[in-house]
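Structure data (TSV, C-alpha atoms) from model-v2.tsv:
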chain	number	residue	atom	x	y	z
A	10	MET	CA	151.77	112.33	52.52
A	11	SER	CA	154.01	113.22	55.37
A	12	GLY	CA	153.94	115.63	58.29
A	13	PRO	CA	151.02	116.36	60.60
A	14	GLY	CA	147.63	115.50	59.19
A	15	PHE	CA	144.39	117.33	59.71
A	16	LEU	CA	140.79	116.43	60.31
A	17	ALA	CA	137.79	118.37	59.16
A	18	THR	CA	134.57	118.06	61.15
A	19	ARG	CA	131.67	120.06	62.46
A	20	PHE	CA	132.00	121.56	65.90
A	21	ASP	CA	128.75	119.96	67.05
A	22	THR	CA	129.92	116.56	65.89
A	23	ALA	CA	133.22	116.88	67.69
A	24	LEU	CA	131.54	118.06	70.86
A	25	GLY	CA	128.99	115.25	70.71
A	26	TRP	CA	131.75	112.72	70.15
A	27	ALA	CA	133.64	114.02	73.16
A	28	ARG	CA	130.59	114.10	75.37
A	29	LYS	CA	129.27	110.68	74.54
A	30	PHE	CA	132.55	109.03	75.49
A	31	SER	CA	133.03	110.83	78.78
A	32	LEU	CA	129.82	110.21	80.67
A	33	PHE	CA	130.34	110.64	84.40
A	34	HIS	CA	127.42	108.85	85.97
A	35	TYR	CA	125.74	109.17	89.30
A	36	PRO	CA	124.11	105.90	90.43
A	37	PHE	CA	120.82	106.56	92.22
A	38	VAL	CA	120.48	102.96	93.34
A	39	THR	CA	117.48	102.04	95.47
A	40	ALA	CA	116.67	98.39	94.91
A	41	CYS	CA	117.61	95.00	93.52
A	42	CYS	CA	118.44	96.42	90.07
A	43	GLY	CA	121.58	97.69	91.79
A	44	MET	CA	123.02	94.19	91.43
A	45	GLU	CA	122.66	94.37	87.67
A	46	TYR	CA	124.09	97.85	87.73
A	47	MET	CA	127.15	96.57	89.60
A	48	SER	CA	127.49	93.74	87.14
A	49	ALA	CA	127.29	96.16	84.22
A	50	ALA	CA	129.68	98.59	85.85
A	51	CYS	CA	132.36	96.10	86.89
A	52	ALA	CA	134.89	94.19	84.84
A	53	HIS	CA	132.67	91.47	83.35
A	54	PHE	CA	130.49	93.74	81.24
A	55	ASP	CA	132.31	96.96	81.92
A	56	ILE	CA	130.61	100.17	80.89
A	57	ASP	CA	134.10	101.71	81.03
A	58	ARG	CA	134.60	100.32	77.53
A	59	PHE	CA	132.08	102.92	76.38
A	60	GLY	CA	133.55	105.78	78.35
A	61	ALA	CA	130.98	105.72	81.14
A	62	GLY	CA	133.16	104.07	83.74
A	63	LEU	CA	133.78	106.96	86.07
A	64	THR	CA	131.23	106.93	88.87
A	65	ARG	CA	130.82	110.21	90.69
A	66	PHE	CA	129.01	110.08	93.99
A	67	SER	CA	128.08	113.72	93.80
A	68	PRO	CA	125.39	114.85	91.37
A	69	ARG	CA	127.26	118.12	90.91
A	70	GLN	CA	130.11	116.29	89.20
A	71	ALA	CA	127.95	113.92	87.16
A	72	ASP	CA	126.24	114.34	83.83
A	73	LEU	CA	124.42	111.02	83.60
A	74	LEU	CA	121.86	110.11	86.24
A	75	LEU	CA	121.19	106.39	86.49
A	76	VAL	CA	117.97	105.81	88.41
A	77	VAL	CA	118.26	102.18	89.37
A	78	GLY	CA	115.27	100.66	91.13
A	79	THR	CA	111.97	101.57	92.74
A	80	VAL	CA	111.34	105.18	93.68
A	81	SER	CA	108.71	105.72	96.35
A	82	HIS	CA	106.79	108.91	96.97
A	83	LYS	CA	108.76	109.35	100.16
A	84	LEU	CA	111.98	109.31	98.13
A	85	ALA	CA	110.70	111.46	95.25
A	86	PRO	CA	111.85	114.81	96.72
A	87	ALA	CA	115.39	113.40	97.08
A	88	LEU	CA	115.46	112.31	93.44
A	89	ARG	CA	114.15	115.68	92.33
A	90	THR	CA	116.89	117.43	94.35
A	91	VAL	CA	119.63	115.21	92.93
A	92	TYR	CA	118.45	115.98	89.41
A	93	ASP	CA	118.26	119.71	90.12
A	94	GLN	CA	121.82	119.69	91.43
A	95	MET	CA	123.25	118.26	88.22
A	96	VAL	CA	124.90	120.67	85.82
A	97	GLU	CA	123.76	120.82	82.21
A	98	PRO	CA	124.19	119.10	79.86
A	99	ARG	CA	122.70	116.18	81.76
A	100	TRP	CA	121.02	112.95	80.83
A	101	VAL	CA	118.85	110.47	82.70
A	102	ILE	CA	118.50	106.73	82.27
A	103	ALA	CA	115.57	104.92	83.88
A	104	PHE	CA	117.04	101.55	84.75
A	105	GLY	CA	114.65	98.65	85.28
A	106	ALA	CA	110.88	98.22	85.20
A	107	CYS	CA	110.28	100.08	88.47
A	108	ALA	CA	112.09	103.23	87.41
A	109	VAL	CA	110.45	103.04	83.98
A	110	SER	CA	106.85	102.54	85.06
A	111	GLY	CA	106.58	101.57	88.69
A	112	GLY	CA	106.96	97.93	87.68
A	113	ILE	CA	105.00	95.43	89.73
A	114	TYR	CA	104.18	98.05	92.35
A	115	GLN	CA	100.96	99.83	91.56
A	116	ASN	CA	100.02	101.10	94.98
A	117	TYR	CA	100.01	103.97	97.46
A	118	ALA	CA	103.76	104.02	97.92
A	119	THR	CA	105.39	103.89	94.51
A	120	VAL	CA	105.94	106.54	91.87
A	121	GLN	CA	104.56	105.16	88.61
A	122	GLY	CA	107.67	105.86	86.58
A	123	ILE	CA	110.33	108.47	87.32
A	124	ASP	CA	109.37	110.40	84.20
A	125	ARG	CA	106.54	111.78	86.31
A	126	ILE	CA	109.18	113.63	88.33
A	127	ILE	CA	112.15	114.27	86.04
A	128	PRO	CA	112.75	114.09	82.27
A	129	VAL	CA	114.09	110.74	81.09
A	130	ASP	CA	116.26	110.14	78.00
A	131	ILE	CA	116.56	106.37	77.86
A	132	TYR	CA	114.31	103.68	79.31
A	133	ILE	CA	115.84	100.28	80.01
A	134	PRO	CA	113.03	97.82	80.79
A	135	GLY	CA	113.42	94.45	82.45
A	136	CYS	CA	113.07	93.11	85.93
A	137	PRO	CA	115.98	93.38	86.29
A	138	PRO	CA	117.46	94.16	82.86
A	139	ARG	CA	120.38	92.03	81.73
A	140	PRO	CA	123.72	93.86	81.61
A	141	GLU	CA	123.61	93.49	77.84
A	142	MET	CA	120.44	95.58	77.86
A	143	VAL	CA	122.16	98.15	80.00
A	144	LEU	CA	125.00	98.34	77.51
A	145	ASP	CA	122.46	98.63	74.71
A	146	GLY	CA	120.74	101.44	76.55
A	147	LEU	CA	124.06	103.17	77.05
A	148	LEU	CA	124.87	102.88	73.35
A	149	LYS	CA	121.46	104.29	72.50
A	150	LEU	CA	122.12	107.21	74.80
A	151	GLN	CA	125.48	107.79	73.13
A	152	GLU	CA	123.74	107.79	69.77
A	153	LYS	CA	121.26	110.31	71.09
A	154	ILE	CA	124.02	112.53	72.50
A	155	GLN	CA	125.90	112.41	69.21
A	156	LYS	CA	122.83	113.38	67.21
A	157	GLU	CA	121.28	116.00	69.41
A	158	PRO	CA	122.06	119.68	68.90
A	159	GLN	CA	124.90	120.39	71.29
A	160	ASP	CA	124.26	122.79	74.08
A	161	TRP	CA	127.46	124.61	74.91
A	162	ARG	CA	128.70	127.74	76.64
A	163	TRP	CA	127.98	130.21	73.85
A	164	THR	CA	124.63	128.77	72.88
A	165	LYS	CA	121.84	131.33	73.12
A	166	LYS	CA	119.20	130.13	75.59
A	167	THR	CA	115.60	130.56	74.51
B	2	MET	CA	105.81	71.38	130.11
B	3	ASP	CA	103.84	69.71	127.37
B	4	LYS	CA	102.32	71.85	124.67
B	5	GLU	CA	98.76	70.80	125.46
B	6	ASP	CA	99.21	71.08	129.22
B	7	LEU	CA	100.46	74.59	128.72
B	8	ILE	CA	97.39	75.66	126.85
B	9	ASP	CA	95.15	74.00	129.43
B	10	GLU	CA	96.90	75.85	132.20
B	11	ILE	CA	96.57	79.20	130.43
B	12	ARG	CA	92.90	78.55	129.80
B	13	THR	CA	92.14	77.69	133.41
B	14	ARG	CA	94.08	80.71	134.63
B	15	PHE	CA	92.58	83.22	132.19
B	16	GLY	CA	89.27	81.48	131.63
B	17	ALA	CA	87.07	84.40	130.66
B	18	ASP	CA	89.70	86.22	128.63
B	19	VAL	CA	90.53	83.33	126.33
B	20	GLU	CA	87.78	83.10	123.76
B	21	SER	CA	88.94	80.10	121.80
B	22	TYR	CA	91.83	77.85	120.97
B	23	ALA	CA	92.80	76.29	117.68
B	24	GLU	CA	95.67	74.20	116.46
B	25	THR	CA	96.47	74.03	112.78
B	26	PHE	CA	99.51	72.23	111.39
B	27	GLY	CA	101.07	72.22	114.84
B	28	ASP	CA	100.67	75.95	115.39
B	29	GLN	CA	98.80	76.92	118.50
B	30	THR	CA	96.51	79.91	118.36
B	31	LEU	CA	94.66	81.58	121.19
B	32	ALA	CA	91.92	84.14	120.59
B	33	VAL	CA	91.84	86.60	123.44
B	34	ARG	CA	89.52	89.40	124.58
B	35	ARG	CA	91.23	92.73	124.26
B	36	GLU	CA	90.55	93.71	127.88
B	37	GLY	CA	92.59	90.75	129.06
B	38	LEU	CA	95.44	91.01	126.58
B	39	ARG	CA	97.90	92.93	128.68
B	40	ALA	CA	97.58	90.65	131.73
B	41	LEU	CA	97.78	87.51	129.64
B	42	MET	CA	100.84	88.69	127.72
B	43	SER	CA	102.51	89.74	130.94
B	44	ALA	CA	102.01	86.22	132.31
B	45	LEU	CA	103.21	84.57	129.10
B	46	ARG	CA	106.36	86.67	129.16
B	47	ALA	CA	107.29	85.35	132.61
B	48	ALA	CA	108.08	81.85	133.86
B	49	PRO	CA	106.90	79.14	133.51
B	50	TYR	CA	105.73	80.01	129.98
B	51	ASP	CA	108.78	82.13	129.24
B	52	TYR	CA	107.84	83.52	125.83
B	53	ALA	CA	110.84	85.82	125.74
B	54	VAL	CA	110.62	86.76	122.07
B	55	LEU	CA	107.93	88.75	120.32
B	56	LEU	CA	108.56	87.51	116.80
B	57	ASP	CA	105.96	89.63	115.09
B	58	LEU	CA	103.01	91.84	115.70
B	59	THR	CA	100.68	92.81	112.93
B	60	CYS	CA	97.09	93.48	112.00
B	61	VAL	CA	94.50	92.09	109.61
B	62	ASP	CA	91.61	94.07	108.18
B	63	TYR	CA	88.48	91.95	107.70
B	64	ALA	CA	86.53	94.74	106.08
B	65	ALA	CA	83.13	93.03	106.02
B	66	VAL	CA	83.11	91.80	109.61
B	67	GLU	CA	81.82	93.86	112.52
B	68	SER	CA	84.89	93.22	114.62
B	69	ARG	CA	86.89	94.48	111.70
B	70	PHE	CA	90.50	94.52	112.82
B	71	GLU	CA	92.39	91.61	114.26
B	72	MET	CA	95.74	92.01	115.95
B	73	VAL	CA	98.05	89.03	115.60
B	74	TYR	CA	101.00	88.41	117.93
B	75	HIS	CA	103.60	85.73	117.40
B	76	LEU	CA	105.51	84.62	120.48
B	77	TYR	CA	108.50	82.35	120.78
B	78	SER	CA	110.01	80.71	123.83
B	79	LEU	CA	113.76	80.23	123.59
B	80	SER	CA	113.93	77.97	126.63
B	81	GLY	CA	111.12	75.69	125.55
B	82	ASN	CA	111.45	76.04	121.77
B	83	ARG	CA	107.72	76.71	121.59
B	84	ARG	CA	105.67	79.10	119.50
B	85	LEU	CA	102.30	80.64	120.25
B	86	ARG	CA	100.01	82.88	118.27
B	87	ILE	CA	97.64	85.30	119.99
B	88	LYS	CA	94.76	87.00	118.22
B	89	VAL	CA	92.67	89.92	119.42
B	90	SER	CA	89.61	91.24	117.64
B	91	LEU	CA	89.05	95.00	117.58
B	92	PRO	CA	85.82	96.80	116.66
B	93	ALA	CA	85.77	98.93	113.52
B	94	GLU	CA	84.70	102.16	115.22
B	95	ASN	CA	87.30	102.07	118.00
B	96	PRO	CA	90.33	99.94	117.09
B	97	VAL	CA	92.39	100.43	120.23
B	98	VAL	CA	94.37	97.93	122.26
B	99	ASP	CA	96.90	97.99	125.10
B	100	SER	CA	100.49	98.54	124.08
B	101	LEU	CA	103.03	95.81	124.78
B	102	THR	CA	106.06	98.10	124.75
B	103	GLY	CA	106.56	97.51	128.47
B	104	LEU	CA	106.97	93.77	127.90
B	105	TRP	CA	108.90	93.55	124.65
B	106	LYS	CA	110.95	96.50	123.47
B	107	ASN	CA	110.60	95.61	119.80
B	108	ALA	CA	106.84	96.09	120.15
B	109	ASP	CA	107.57	99.83	119.91
B	110	TRP	CA	108.29	99.95	116.18
B	111	LEU	CA	105.99	97.06	115.33
B	112	GLU	CA	103.08	98.88	116.94
B	113	ARG	CA	104.04	102.06	115.15
B	114	GLU	CA	103.87	100.12	111.89
B	115	ALA	CA	100.44	98.72	112.75
B	116	PHE	CA	99.33	102.23	113.61
B	117	ASP	CA	100.75	103.65	110.39
B	118	MET	CA	99.31	100.99	108.10
B	119	PHE	CA	96.00	100.19	109.82
B	120	GLY	CA	95.28	103.07	112.19
B	121	VAL	CA	95.16	100.88	115.27
B	122	GLY	CA	95.68	102.83	118.50
B	123	PHE	CA	97.93	101.53	121.26
B	124	ILE	CA	97.22	102.66	124.82
B	125	GLY	CA	100.42	103.39	126.71
B	126	HIS	CA	102.72	103.55	123.70
B	127	PRO	CA	105.51	106.08	124.37
B	128	ASP	CA	105.75	107.54	120.88
B	129	LEU	CA	102.89	106.54	118.61
B	130	ARG	CA	103.50	108.18	115.23
B	131	ARG	CA	103.99	107.05	111.64
B	132	ILE	CA	107.05	104.97	110.93
B	133	LEU	CA	106.94	104.12	107.22
B	134	MET	CA	104.81	106.77	105.55
B	135	TYR	CA	105.83	110.39	105.46
B	136	GLU	CA	104.47	113.28	107.46
B	137	GLY	CA	101.34	114.68	105.92
B	138	PHE	CA	100.19	111.32	104.56
B	139	GLU	CA	96.46	110.99	105.08
B	140	GLY	CA	94.75	107.75	105.97
B	141	HIS	CA	96.12	104.29	106.56
B	142	PRO	CA	97.16	102.58	103.32
B	143	LEU	CA	96.66	98.92	104.27
B	144	ARG	CA	93.06	99.42	105.32
B	145	LYS	CA	90.65	97.88	102.86
B	146	SER	CA	88.84	101.22	102.75
B	147	TYR	CA	91.95	103.01	101.41
B	148	PRO	CA	91.37	103.62	97.68
B	149	TRP	CA	93.61	101.36	95.66
B	150	ARG	CA	96.12	103.29	93.52
B	151	LYS	CA	95.52	106.44	95.51
B	152	GLU	CA	98.81	108.33	95.67
B	153	GLN	CA	99.79	111.27	97.82
B	154	PRO	CA	102.83	112.73	96.07
B	155	LEU	CA	105.25	115.08	97.78
B	156	VAL	CA	106.56	116.68	94.58
B	157	PRO	CA	104.60	117.89	91.53
B	158	MET	CA	103.77	115.02	89.18
B	159	LYS	CA	103.41	114.97	85.44
B	160	ASP	CA	100.66	112.68	84.14

Before we go any further, please render this structure as structure tokens.
Amino acid sequence: MSGPGFLATRFDTALGWARKFSLFHYPFVTACCGMEYMSAACAHFDIDRFGAGLTRFSPRQADLLLVVGTVSHKLAPALRTVYDQMVEPRWVIAFGACAVSGGIYQNYATVQGIDRIIPVDIYIPGCPPRPEMVLDGLLKLQEKIQKEPQDWRWTKKT
Amino acid sequence: MDKEDLIDEIRTRFGADVESYAETFGDQTLAVRREGLRALMSALRAAPYDYAVLLDLTCVDYAAVESRFEMVYHLYSLSGNRRLRIKVSLPAENPVVDSLTGLWKNADWLEREAFDMFGVGFIGHPDLRRILMYEGFEGHPLRKSYPWRKEQPLVPMKD
């Protein structure tokens, strides 16, 4: 065969493929897990290999919210606002035991898991999680994005 | 001045205000009546004692004891390389003590923390309000009487 080839696919599949490899993430880093986030984000482990390398420090330009570390009740309104400012489609990763469940802090100050405030797609446990686990979580999110029904401009909202 | 001489001198000078003295593992601790705290601290700040640094100021809640709260002050003398711990017992129904903001500036925020966490009042403090917890938070979370796990969320929570 010669000349230009062609590729047949479903629109949803193509959109999912494009989205999962262009995750612009917003790091909501509050605690020691930030070190592991930096390790995962920089050259050694490098989430850029999976298309999530571009960090945007504005939630309005991001579509992946990484909540890294402990969230206190005092901080909860800020997290809620950041999430509300993100444009759909958006995804959230709870990074580390504190973001997942409050971790070792079960007291007056700490939110017992960020899923009490905002919806969470992927939970990465560990105190702190190894960068390999972060990469695994990222891959799981990509899988989820690929498989979920794609929400796009002409989709009818219910 | 020798460590022991120093304590002796303080005790003779502030006889009635110093309730007891203890030394454990080389750390000197004076228990003081709260009425005499301000005068004693003022003297310790100046020469010859010269405790120029207020290292820490905090509170302990002994819930079962009548004199429930105990303020703890850690002093350090740069010139003499000496440390001294001062303790003051406060009654449960009226936990109030003189502020030390006039002597050490860092007492300002430390006292605000003690107020925030334990509800201890400081007479003469210029701006006594919460420092760690948010506005609208009720109670003092490090008191033993504060319900454990009690949360006061600012945004709606899913359970």

Would you kindly return, as a PyMOL selection string, each protein, DNA or RNA residue with an atom no farther than 9 Å from any atom of Gln70 of chain A, considering all atoms listed in the file and excluding same-chain residues fewer than 5 positions away?
chain A and resi 33-35+65+95-96

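The nearest approach to chain B among the residues A:Val101, A:Ala50, A:Ile126, A:Leu63, with all atoms listed in the file taken into account, belongs to A:Ile126.
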
Sorted by chain and rising residue number, list the residues of chain A at most 9 Å from chain B (counting only C-alpha atoms), each with its closest atom pair and distance in Å to one decimal, as a tab-separated table.
residue	atom	partner	partner_atom	distance
A:His82	CA	B:Pro154	CA	5.6
A:Lys83	CA	B:Tyr135	CA	6.1
A:Leu84	CA	B:Leu155	CA	8.9
A:Ala85	CA	B:Val156	CA	6.7
A:Pro86	CA	B:Val156	CA	6.0
A:Arg89	CA	B:Val156	CA	8.0
A:Gln115	CA	B:Arg150	CA	6.3
A:Asn116	CA	B:Arg150	CA	4.7
A:Tyr117	CA	B:Glu152	CA	4.9
A:Ala118	CA	B:Glu152	CA	6.9
A:Thr119	CA	B:Glu152	CA	8.0
A:Val120	CA	B:Pro154	CA	8.1
A:Asp124	CA	B:Lys159	CA	7.6
A:Arg125	CA	B:Lys159	CA	4.6
A:Ile126	CA	B:Met158	CA	5.7
A:Ile127	CA	B:Lys159	CA	8.8

Which polymer residues have any atom within 9 Å of an atom of Lys4 of chain B, counting only C-alpha atoms, with same-chain residues fewer than 5 positions away left out, as a ChimeraX atom specification?
/B:9,29,83

Would you please work out which residue, of B:Ala47, B:Val121, B:Ile11, B:Ala32, is nearest to Cys60 of chain B when using only C-alpha atoms?
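Residue with the minimum atom-to-atom distance to Cys60 of chain B: B:Val121.
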
Report the distance between atom CA of Glu10 of chain B and atom CA of Ser90 of chain B in Å, rounded to one decimal place.
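We find that atom CA of Glu10 of chain B and atom CA of Ser90 of chain B lie 22.4 Å from each other.
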
Interatomic distance between atom CA of Pro158 of chain A and atom CA of Leu24 of chain A?
9.8 Å

Please compute the atom CA of Ala71 of chain A-atom CA of Asp57 of chain A distance, one decimal, in Å.
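Calculated distance between atom CA of Ala71 of chain A and atom CA of Asp57 of chain A is 15.0 Å.
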
Could you pull the residues within 12 Å of Arg113 of chain B, counting only C-alpha atoms, minus those fewer than 5 positions along the same chain, as a list in words?
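Skipping anything fewer than 5 positions along the chain leaves Leu58, Thr59, Cys60, Ser100, Leu101, Thr102, Asn107, Ala108, Met118, Phe119, Gly120, Val121, Gly122, Phe123, Ile124, His126, Pro127, Asp128, Leu129, Arg130, Arg131, Ile132, Leu133, Met134 and His141 of chain B.
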
Hey, could you pull the box centre and edge lengths for segment 35-43 of chain B, axis-aligned, 3 Å padding per side, all listed atoms, to one decimal in Å, as AutoDock Vina command-line options?
--center_x 96.5 --center_y 90.6 --center_z 128.0 --size_x 18.0 --size_y 12.2 --size_z 13.5

Compare A:Cys136, A:Ala52, A:Leu73, A:Ala17 by their minimum atom-to-atom distance to Ile154 of chain A, counting all atoms listed in the file, and give me the closest one.
A:Leu73

I'd like the contact shell of Ser31 of chain A - 9 Å cut-off, only C-alpha atoms, skipping same-chain residues fewer than 4 positions apart - returned as a ChimeraX atom specification.
/A:26-27,59-63

Can I get the selection written as a PDB file, in the frame of the given file, with C-alpha atoms?
ATOM      1  CA  TRP A  26     131.750 112.720  70.150  1.00  0.00           C
ATOM      2  CA  ALA A  27     133.640 114.020  73.160  1.00  0.00           C
ATOM      3  CA  PHE A  59     132.080 102.920  76.380  1.00  0.00           C
ATOM      4  CA  GLY A  60     133.550 105.780  78.350  1.00  0.00           C
ATOM      5  CA  ALA A  61     130.980 105.720  81.140  1.00  0.00           C
ATOM      6  CA  GLY A  62     133.160 104.070  83.740  1.00  0.00           C
ATOM      7  CA  LEU A  63     133.780 106.960  86.070  1.00  0.00           C
TER       8      LEU A  63
END

I'd like the contact shell of Glu45 of chain A - 9 Å cut-off, all atoms listed in the file, skipping same-chain residues fewer than 4 positions apart - returned as a ChimeraX atom specification.
/A:41,49-50,137-140,143

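For the set B:Glu112, B:Glu24, B:Asp18, B:Asp99, the residue with the smallest atom-to-atom gap to Gly37 of chain B is B:Asp18, counting only C-alpha atoms.
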
Looking at A:Ala106, A:Thr39, A:Ser48, A:Leu147, which one is nearest to Gly135 of chain A, with distances taken over only C-alpha atoms?
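Closest to Gly135 of chain A, using only C-alpha atoms: A:Ala106.
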
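Checking A:Leu74, A:Ile56, A:Met142, A:Ala23 one by one against Arg99 of chain A, counting all atoms listed in the file, you find the shortest gap at A:Leu74.
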